[in-house]
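Listing of target_23.cif, mmCIF, C-alpha atoms
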data_start
#
loop_
_atom_site.label_atom_id
_atom_site.label_comp_id
_atom_site.auth_asym_id
_atom_site.auth_seq_id
_atom_site.Cartn_x
_atom_site.Cartn_y
_atom_site.Cartn_z
CA MET A 1 79.77 -60.73 48.67
CA ILE A 2 77.44 -60.91 45.69
CA LYS A 3 76.92 -57.56 43.95
CA ALA A 4 75.03 -58.75 40.85
CA VAL A 5 72.63 -61.59 40.11
CA VAL A 6 72.07 -62.81 36.56
CA PHE A 7 69.12 -65.04 35.77
CA ASP A 8 68.46 -67.48 33.03
CA LEU A 9 64.93 -66.84 31.75
CA ASP A 10 63.26 -69.96 30.33
CA ASN A 11 62.31 -72.50 33.01
CA THR A 12 63.87 -70.23 35.63
CA LEU A 13 61.78 -67.09 35.92
CA TYR A 14 58.74 -68.86 34.45
CA SER A 15 57.83 -72.31 33.09
CA TYR A 16 58.81 -72.59 29.43
CA ASP A 17 57.53 -76.15 29.17
CA ALA A 18 54.00 -75.32 30.29
CA ASN A 19 53.67 -72.33 27.98
CA HIS A 20 55.22 -74.12 25.00
CA ALA A 21 52.36 -76.61 25.35
CA TYR A 22 49.84 -73.75 25.02
CA GLY A 23 51.66 -72.43 21.96
CA MET A 24 51.72 -75.85 20.32
CA GLU A 25 48.04 -76.41 21.06
CA ALA A 26 47.18 -73.18 19.23
CA LEU A 27 49.51 -74.09 16.36
CA GLU A 28 47.98 -77.55 16.06
CA GLY A 29 44.52 -76.00 15.85
CA TYR A 30 45.58 -73.74 12.99
CA CYS A 31 47.20 -76.60 11.07
CA ARG A 32 44.14 -78.80 11.55
CA GLU A 33 41.73 -76.15 10.29
CA THR A 34 43.96 -74.82 7.50
CA PHE A 35 45.82 -77.86 6.21
CA GLY A 36 43.67 -80.73 7.45
CA ILE A 37 46.47 -82.44 9.36
CA THR A 38 46.25 -83.99 12.82
CA GLU A 39 47.91 -82.82 16.02
CA GLU A 40 50.37 -85.69 15.77
CA GLU A 41 51.27 -84.76 12.20
CA THR A 42 51.79 -81.13 13.19
CA GLN A 43 54.12 -82.21 15.99
CA GLU A 44 56.06 -84.46 13.62
CA TYR A 45 56.48 -81.71 11.01
CA TYR A 46 57.54 -79.33 13.78
CA ARG A 47 60.20 -81.80 14.95
CA LYS A 48 61.45 -82.44 11.43
CA ALA A 49 61.61 -78.72 10.75
CA GLY A 50 63.74 -78.21 13.86
CA TYR A 51 66.18 -80.90 12.78
CA ILE A 52 66.47 -79.55 9.22
CA MET A 53 66.81 -75.97 10.43
CA ALA A 54 69.61 -76.92 12.85
CA ASN A 55 71.54 -78.61 10.05
CA ARG A 56 71.08 -75.61 7.77
CA ILE A 57 72.28 -73.14 10.40
CA GLY A 58 75.19 -75.36 11.29
CA THR A 59 76.33 -73.44 14.39
CA ASP A 60 75.15 -73.13 17.98
CA THR A 61 73.49 -69.70 17.76
CA ALA A 62 70.22 -67.98 18.66
CA ALA A 63 68.81 -68.66 15.18
CA LEU A 64 68.23 -72.24 16.32
CA HIS A 65 65.36 -70.93 18.46
CA SER A 66 63.70 -68.83 15.75
CA ARG A 67 60.06 -69.86 15.40
CA MET A 68 59.88 -67.90 12.16
CA LEU A 69 62.60 -70.03 10.58
CA ARG A 70 61.13 -73.23 11.99
CA LEU A 71 57.64 -72.49 10.68
CA GLN A 72 59.10 -71.50 7.33
CA CYS A 73 60.72 -74.92 7.19
CA MET A 74 57.39 -76.53 8.14
CA MET A 75 55.70 -74.88 5.19
CA GLU A 76 58.46 -76.10 2.92
CA LEU A 77 57.92 -79.66 4.17
CA LEU A 78 54.16 -79.36 3.73
CA GLU A 79 54.65 -77.79 0.29
CA LYS A 80 52.41 -74.89 1.28
CA PRO A 81 52.80 -71.17 0.48
CA LEU A 82 54.99 -69.22 2.88
CA PHE A 83 52.61 -66.27 2.72
CA PRO A 84 50.50 -65.73 4.74
CA HIS A 85 50.97 -68.86 6.81
CA VAL A 86 54.44 -68.42 8.34
CA GLN A 87 53.70 -65.06 9.91
CA LYS A 88 50.23 -66.14 11.01
CA MET A 89 51.54 -69.27 12.65
CA TYR A 90 54.35 -67.36 14.32
CA HIS A 91 51.90 -64.99 16.01
CA ILE A 92 49.43 -67.76 16.83
CA TYR A 93 52.12 -69.70 18.68
CA TRP A 94 53.61 -66.78 20.59
CA ASP A 95 50.27 -65.09 21.36
CA ALA A 96 49.03 -68.28 23.03
CA PHE A 97 52.38 -68.71 24.79
CA LEU A 98 52.42 -65.18 26.21
CA GLN A 99 48.71 -65.16 27.06
CA HIS A 100 49.22 -67.85 29.70
CA ILE A 101 52.70 -66.99 30.97
CA GLU A 102 53.15 -66.38 34.71
CA PRO A 103 56.25 -65.83 36.86
CA ASN A 104 57.40 -68.76 38.94
CA PRO A 105 56.34 -68.53 42.60
CA GLY A 106 58.32 -65.97 44.55
CA VAL A 107 60.27 -64.64 41.56
CA LEU A 108 58.96 -61.08 41.58
CA ASP A 109 59.35 -60.74 45.35
CA PHE A 110 62.93 -62.00 45.08
CA LEU A 111 63.71 -59.52 42.31
CA MET A 112 62.16 -56.71 44.33
CA GLU A 113 64.27 -57.54 47.40
CA LEU A 114 67.43 -57.63 45.30
CA ARG A 115 66.55 -54.24 43.87
CA LYS A 116 66.02 -52.81 47.37
CA ARG A 117 69.57 -53.85 48.22
CA LYS A 118 70.92 -52.17 45.07
CA ILE A 119 72.02 -55.49 43.59
CA ARG A 120 72.49 -55.33 39.84
CA ILE A 121 69.99 -57.66 38.12
CA GLY A 122 70.54 -59.13 34.68
CA ILE A 123 69.28 -61.75 32.26
CA GLY A 124 71.63 -64.17 30.51
CA THR A 125 69.61 -66.23 28.07
CA ASP A 126 69.75 -68.25 24.90
CA MET A 127 67.12 -67.22 22.32
CA THR A 128 66.41 -64.22 20.13
CA ALA A 129 66.22 -60.88 21.94
CA TYR A 130 62.76 -59.67 20.86
CA ILE A 131 60.75 -62.54 22.30
CA GLN A 132 62.77 -62.58 25.52
CA TYR A 133 61.88 -58.93 26.07
CA LYS A 134 58.21 -59.82 25.48
CA LYS A 135 58.38 -62.64 28.04
CA LEU A 136 59.89 -60.40 30.72
CA GLU A 137 57.17 -57.82 30.17
CA ALA A 138 54.46 -60.49 30.25
CA ILE A 139 55.56 -61.81 33.66
CA GLY A 140 56.01 -58.30 35.08
CA ALA A 141 59.76 -58.62 35.64
CA GLU A 142 60.90 -55.89 33.27
CA VAL A 143 60.93 -53.16 35.92
CA TYR A 144 63.67 -54.97 37.84
CA ILE A 145 66.06 -55.74 34.98
CA ASP A 146 69.22 -53.63 34.66
CA PHE A 147 70.79 -55.42 31.69
CA MET A 148 70.20 -58.17 29.15
CA VAL A 149 72.51 -60.59 27.35
CA THR A 150 70.97 -62.90 24.77
CA SER A 151 72.72 -65.47 22.63
CA GLU A 152 71.58 -63.39 19.66
CA GLU A 153 73.74 -60.52 20.92
CA ALA A 154 76.62 -62.72 22.06
CA GLY A 155 76.72 -64.73 18.84
CA VAL A 156 77.07 -67.91 20.90
CA GLU A 157 74.90 -69.98 23.21
CA LYS A 158 75.56 -71.01 26.78
CA PRO A 159 77.78 -72.52 28.09
CA HIS A 160 80.19 -70.57 25.85
CA TYR A 161 82.33 -68.30 28.01
CA HIS A 162 81.70 -65.22 25.83
CA LEU A 163 78.05 -64.96 26.87
CA PHE A 164 79.07 -65.03 30.53
CA GLU A 165 81.81 -62.49 29.87
CA LEU A 166 79.21 -60.09 28.52
CA CYS A 167 77.07 -60.64 31.62
CA VAL A 168 80.00 -59.70 33.86
CA GLU A 169 80.91 -56.72 31.69
CA LYS A 170 77.38 -55.35 31.83
CA ALA A 171 77.04 -56.07 35.55
CA GLY A 172 80.07 -53.86 36.19
CA VAL A 173 81.46 -56.15 38.92
CA ARG A 174 84.10 -58.86 39.13
CA ALA A 175 83.08 -62.32 37.95
CA GLU A 176 83.33 -63.74 41.49
CA GLU A 177 80.89 -61.06 42.69
CA CYS A 178 78.30 -62.20 40.17
CA ALA A 179 75.82 -65.04 40.80
CA PHE A 180 74.15 -66.81 37.89
CA ILE A 181 70.88 -68.63 38.59
CA GLY A 182 69.50 -71.11 36.06
CA ASP A 183 67.81 -74.47 35.63
CA ASN A 184 70.22 -76.15 33.20
CA VAL A 185 73.21 -77.70 34.95
CA LYS A 186 75.50 -77.87 31.91
CA LYS A 187 74.56 -74.62 30.20
CA ASP A 188 73.81 -72.34 33.14
CA ILE A 189 75.64 -73.66 36.17
CA GLU A 190 78.75 -75.39 34.91
CA GLY A 191 79.10 -72.71 32.24
CA ALA A 192 78.94 -69.99 34.90
CA TRP A 193 81.48 -71.64 37.21
CA GLU A 194 83.90 -72.29 34.37
CA SER A 195 83.67 -68.57 33.52
CA GLY A 196 84.36 -67.47 37.10
CA LEU A 197 80.77 -66.67 38.15
CA ARG A 198 79.00 -68.33 41.06
CA GLY A 199 76.50 -70.66 39.43
CA ILE A 200 73.37 -71.55 41.44
CA TRP A 201 71.13 -74.37 40.26
CA TYR A 202 67.41 -73.60 40.36
CA THR A 203 65.72 -77.02 40.57
CA GLN A 204 62.18 -75.84 39.69
CA GLU A 205 60.61 -76.67 43.07
CA LYS A 206 62.07 -80.20 42.99
CA GLU A 207 64.50 -81.93 45.31
CA PRO A 208 67.79 -82.69 43.52
CA THR A 209 68.38 -86.38 42.94
CA GLU A 210 72.14 -86.17 43.40
CA ARG A 211 74.75 -84.15 45.25
CA ARG A 212 76.43 -81.32 43.38
CA TYR A 213 79.45 -79.16 44.17
CA PHE A 214 77.52 -75.96 43.52
CA PRO A 215 74.73 -74.23 45.51
CA ILE A 216 71.15 -75.31 44.92
CA LEU A 217 68.02 -73.15 45.02
CA ARG A 218 64.85 -75.22 45.10
CA SER A 219 62.38 -72.33 45.24
CA PHE A 220 62.27 -68.54 45.06
CA THR A 221 59.73 -68.36 47.90
CA GLY A 222 60.71 -67.76 51.49
CA ILE A 223 64.28 -66.68 50.74
CA ASN A 224 66.13 -64.54 53.28
CA VAL A 225 67.82 -62.34 50.71
CA ASP A 226 70.50 -61.01 53.05
CA ASP A 227 71.54 -64.55 53.99
CA PHE A 228 71.41 -65.58 50.33
CA LEU A 229 73.76 -62.79 49.27
CA ALA A 230 76.16 -63.40 52.15
CA GLN A 231 76.39 -67.17 51.65
CA GLN A 232 77.17 -67.23 47.94
#
Let's see the structure in the file written out as structure tokens.
Amino acid sequence: MIKAVVFDLDNTLYSYDANHAYGMEALEGYCRETFGITEEETQEYYRKAGYIMANRIGTDTAALHSRMLRLQCMMELLEKPLFPHVQKMYHIYWDAFLQHIEPNPGVLDFLMELRKRKIRIGIGTDMTAYIQYKKLEAIGAEVYIDFMVTSEEAGVEKPHYHLFELCVEKAGVRAEECAFIGDNVKKDIEGAWESGLRGIWYTQEKEPTERRYFPILRSFTGINVDDFLAQQ
């Protein structure tokens, strides 16, 4: 019987891809007006900055997701002053991102039903902690969350076992009593199973193209929560 459910956040509780597009659109507008570069050039500098930043960091940690570091690297590539642009661009990107963010269909109802059944609810996510807290507040999920584990806290990214260990520790149950729901097969699902949790693949409203050995959740809408908990 499942006693705790841990969720990935990005592309699980909401659509990261859609909101990243809004953030990039706002960032491209700033770069066009301030530096006179095109949208395509902004995207190319953004990609280059990510590659350079990853090489500088050298390890698989939450710093890889830092927009502050990435935009700092962009300014270095553009040979522009760090101040005030890095902080301005950081807020421009995330403000646009959070302005449009919405929970995936059925997510809040599912969380509410889990809470009614006294199921412990957690988040196990790569990324820096601050912005993940902001996302959860923006989609209205924060009232249901009992505990958080970010890769910033764990010091490693999924699928490293230590992040999943922290999820189980904070859930206060045995690993086999803990379900982990996420969209990424390697990071979320295989990582969970290898760490003793019951990984469930959320396919983002799509039909899976191949058979898998683990449970699949296509949508959060229309779930019989009692059956869900009993079957895992």
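The smallest atom-to-atom distance between Asp17 (chain A) and any of A:Met68, A:Ile101, A:Met74, A:Cys31, using only C-alpha atoms, is found for A:Ile101.
Of the residues under consideration (A:Lys158, A:Lys170, A:Arg198, A:Lys48), A:Lys158 shows the shortest atom-to-atom contact distance to Asn184 (chain A) when counting all atoms listed in the file.
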Interatomic distance between CA of Leu64 (chain A) and CA of Leu108 (chain A)?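 So the answer is 29.1 Å.
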One number please: CA of His160 (chain A) to CA of Ile121 (chain A), in Å, one decimal. 20.5 Å
Hey, what comes out of the PyMOL selection byres ((chain A and resi 40) around 12) on this file? Could you write it as a list in words?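 Matching residues under the PyMOL selection byres ((chain A and resi 40) around 12) are Met24, Glu25, Leu27, Glu28, Gly29, Cys31, Arg32, Gly36, Ile37, Thr38, Glu39, Glu41, Thr42, Gln43, Glu44, Tyr45, Tyr46 and Arg47 of chain A.
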Which one of A:Ala26, A:Leu114, A:Val173, A:Ala63 sits closest to Asp227 (chain A) if you count all atoms listed in the file? A:Leu114
Where does the PyMOL selection byres ((chain A and resi 143) around 10) land in this file, that is, which residues does it pick, as a compact mmCIF listing (two decimals) with C-alpha atoms, in the coordinates of the input?
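Result went into out26.txt, see below:
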# COMPACT_ATOMS: atom_id res chain seq x y z
CA LEU A 108 58.96 -61.08 41.58
CA LEU A 111 63.71 -59.52 42.31
CA MET A 112 62.16 -56.71 44.33
CA ARG A 115 66.55 -54.24 43.87
CA LEU A 136 59.89 -60.40 30.72
CA GLU A 137 57.17 -57.82 30.17
CA GLY A 140 56.01 -58.30 35.08
CA ALA A 141 59.76 -58.62 35.64
CA GLU A 142 60.90 -55.89 33.27
CA TYR A 144 63.67 -54.97 37.84
CA ILE A 145 66.06 -55.74 34.98
CA ASP A 146 69.22 -53.63 34.66
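Picture a line from CA of Lys3 (chain A) to CA of Ala175 (chain A); it runs 9.8 Å.
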Pull out every residue that the PyMOL selection byres ((chain A and resi 202) around 10) matches in the shown coordinates and put them as an MDAnalysis selection string. chainID A and resid 7:8 11:13 180:185 188:189 199:201 203:206 208 215:220
As a PyMOL selection string, please: the residues near Ala4 (chain A) (cut-off 8 Å, all atoms listed in the file, same-chain neighbours under 2 positions excluded). chain A and resi 2+6+119-122+171+173+177-179
Hey, which of A:Val156, A:Met1, A:Leu166, A:Ala18 ends up closest to Asn104 (chain A)? Count all atoms listed in the file.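 That would be A:Ala18, the residue with the smallest distance to Asn104 (chain A).
Of the residues listed (A:Ser195, A:Tyr14, A:Cys167, A:Leu71), A:Leu71 shows the shortest atom-to-atom separation from Tyr93 (chain A); distances use all atoms listed in the file.
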Residue contacts of Leu9 (chain A) (9 Å, all atoms listed in the file) excluding same-chain residues fewer than 5 positions away, as a PDB file with C-alpha atoms, in the frame of the given file:
ATOM      1  CA  TYR A  14      58.740 -68.860  34.450  1.00  0.00           C
ATOM      2  CA  TYR A  16      58.810 -72.590  29.430  1.00  0.00           C
ATOM      3  CA  ILE A 123      69.280 -61.750  32.260  1.00  0.00           C
ATOM      4  CA  GLY A 124      71.630 -64.170  30.510  1.00  0.00           C
ATOM      5  CA  THR A 125      69.610 -66.230  28.070  1.00  0.00           C
ATOM      6  CA  ASP A 126      69.750 -68.250  24.900  1.00  0.00           C
ATOM      7  CA  GLN A 132      62.770 -62.580  25.520  1.00  0.00           C
ATOM      8  CA  LYS A 135      58.380 -62.640  28.040  1.00  0.00           C
ATOM      9  CA  LEU A 136      59.890 -60.400  30.720  1.00  0.00           C
ATOM     10  CA  GLY A 182      69.500 -71.110  36.060  1.00  0.00           C
TER      11      GLY A 182
END
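Shortest atom-to-atom contact with Tyr161 (chain A) among A:Ile57, A:Ile52, A:Val5, A:Ala192: A:Ala192, counting all atoms listed in the file.
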What would region 75-94 of chain A look like with N, CA and C atoms in place, written as a PDB file, in the coordinates of the input?
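Saved to part_33.pdb:
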ATOM      1  N   MET A  75      56.455 -75.125   6.413  1.00  0.00           N
ATOM      2  CA  MET A  75      55.700 -74.880   5.190  1.00  0.00           C
ATOM      3  C   MET A  75      56.394 -75.494   3.979  1.00  0.00           C
ATOM      4  N   GLU A  76      57.710 -75.467   4.007  1.00  0.00           N
ATOM      5  CA  GLU A  76      58.460 -76.100   2.920  1.00  0.00           C
ATOM      6  C   GLU A  76      58.214 -77.610   2.904  1.00  0.00           C
ATOM      7  N   LEU A  77      58.178 -78.225   4.078  1.00  0.00           N
ATOM      8  CA  LEU A  77      57.920 -79.660   4.170  1.00  0.00           C
ATOM      9  C   LEU A  77      56.504 -80.002   3.732  1.00  0.00           C
ATOM     10  N   LEU A  78      55.566 -79.137   4.088  1.00  0.00           N
ATOM     11  CA  LEU A  78      54.160 -79.360   3.730  1.00  0.00           C
ATOM     12  C   LEU A  78      53.852 -78.953   2.290  1.00  0.00           C
ATOM     13  N   GLU A  79      54.833 -78.307   1.654  1.00  0.00           N
ATOM     14  CA  GLU A  79      54.650 -77.790   0.290  1.00  0.00           C
ATOM     15  C   GLU A  79      53.471 -76.828   0.218  1.00  0.00           C
ATOM     16  N   LYS A  80      53.441 -75.918   1.197  1.00  0.00           N
ATOM     17  CA  LYS A  80      52.410 -74.890   1.280  1.00  0.00           C
ATOM     18  C   LYS A  80      53.042 -73.517   1.091  1.00  0.00           C
ATOM     19  N   PRO A  81      52.246 -72.524   0.674  1.00  0.00           N
ATOM     20  CA  PRO A  81      52.800 -71.170   0.480  1.00  0.00           C
ATOM     21  C   PRO A  81      53.338 -70.592   1.793  1.00  0.00           C
ATOM     22  N   LEU A  82      54.446 -69.873   1.696  1.00  0.00           N
ATOM     23  CA  LEU A  82      54.990 -69.220   2.880  1.00  0.00           C
ATOM     24  C   LEU A  82      54.079 -68.094   3.361  1.00  0.00           C
ATOM     25  N   PHE A  83      53.502 -67.386   2.392  1.00  0.00           N
ATOM     26  CA  PHE A  83      52.610 -66.270   2.720  1.00  0.00           C
ATOM     27  C   PHE A  83      51.166 -66.697   2.516  1.00  0.00           C
ATOM     28  N   PRO A  84      50.283 -66.468   3.479  1.00  0.00           N
ATOM     29  CA  PRO A  84      50.500 -65.730   4.740  1.00  0.00           C
ATOM     30  C   PRO A  84      50.800 -66.621   5.935  1.00  0.00           C
ATOM     31  N   HIS A  85      51.018 -67.904   5.702  1.00  0.00           N
ATOM     32  CA  HIS A  85      50.970 -68.860   6.810  1.00  0.00           C
ATOM     33  C   HIS A  85      52.089 -68.710   7.831  1.00  0.00           C
ATOM     34  N   VAL A  86      53.325 -68.463   7.391  1.00  0.00           N
ATOM     35  CA  VAL A  86      54.440 -68.420   8.340  1.00  0.00           C
ATOM     36  C   VAL A  86      54.226 -67.342   9.390  1.00  0.00           C
ATOM     37  N   GLN A  87      53.904 -66.152   8.951  1.00  0.00           N
ATOM     38  CA  GLN A  87      53.700 -65.060   9.910  1.00  0.00           C
ATOM     39  C   GLN A  87      52.486 -65.302  10.788  1.00  0.00           C
ATOM     40  N   LYS A  88      51.421 -65.833  10.217  1.00  0.00           N
ATOM     41  CA  LYS A  88      50.230 -66.140  11.010  1.00  0.00           C
ATOM     42  C   LYS A  88      50.539 -67.162  12.090  1.00  0.00           C
ATOM     43  N   MET A  89      51.229 -68.210  11.699  1.00  0.00           N
ATOM     44  CA  MET A  89      51.540 -69.270  12.650  1.00  0.00           C
ATOM     45  C   MET A  89      52.496 -68.787  13.735  1.00  0.00           C
ATOM     46  N   TYR A  90      53.433 -67.932  13.352  1.00  0.00           N
ATOM     47  CA  TYR A  90      54.350 -67.360  14.320  1.00  0.00           C
ATOM     48  C   TYR A  90      53.589 -66.630  15.423  1.00  0.00           C
ATOM     49  N   HIS A  91      52.660 -65.765  15.026  1.00  0.00           N
ATOM     50  CA  HIS A  91      51.900 -64.990  16.010  1.00  0.00           C
ATOM     51  C   HIS A  91      50.918 -65.861  16.783  1.00  0.00           C
ATOM     52  N   ILE A  92      50.344 -66.849  16.135  1.00  0.00           N
ATOM     53  CA  ILE A  92      49.430 -67.760  16.830  1.00  0.00           C
ATOM     54  C   ILE A  92      50.164 -68.476  17.966  1.00  0.00           C
ATOM     55  N   TYR A  93      51.347 -68.987  17.664  1.00  0.00           N
ATOM     56  CA  TYR A  93      52.120 -69.700  18.680  1.00  0.00           C
ATOM     57  C   TYR A  93      52.490 -68.766  19.839  1.00  0.00           C
ATOM     58  N   TRP A  94      53.126 -67.633  19.520  1.00  0.00           N
ATOM     59  CA  TRP A  94      53.610 -66.780  20.590  1.00  0.00           C
ATOM     60  C   TRP A  94      52.490 -66.061  21.334  1.00  0.00           C
TER      61      TRP A  94
END
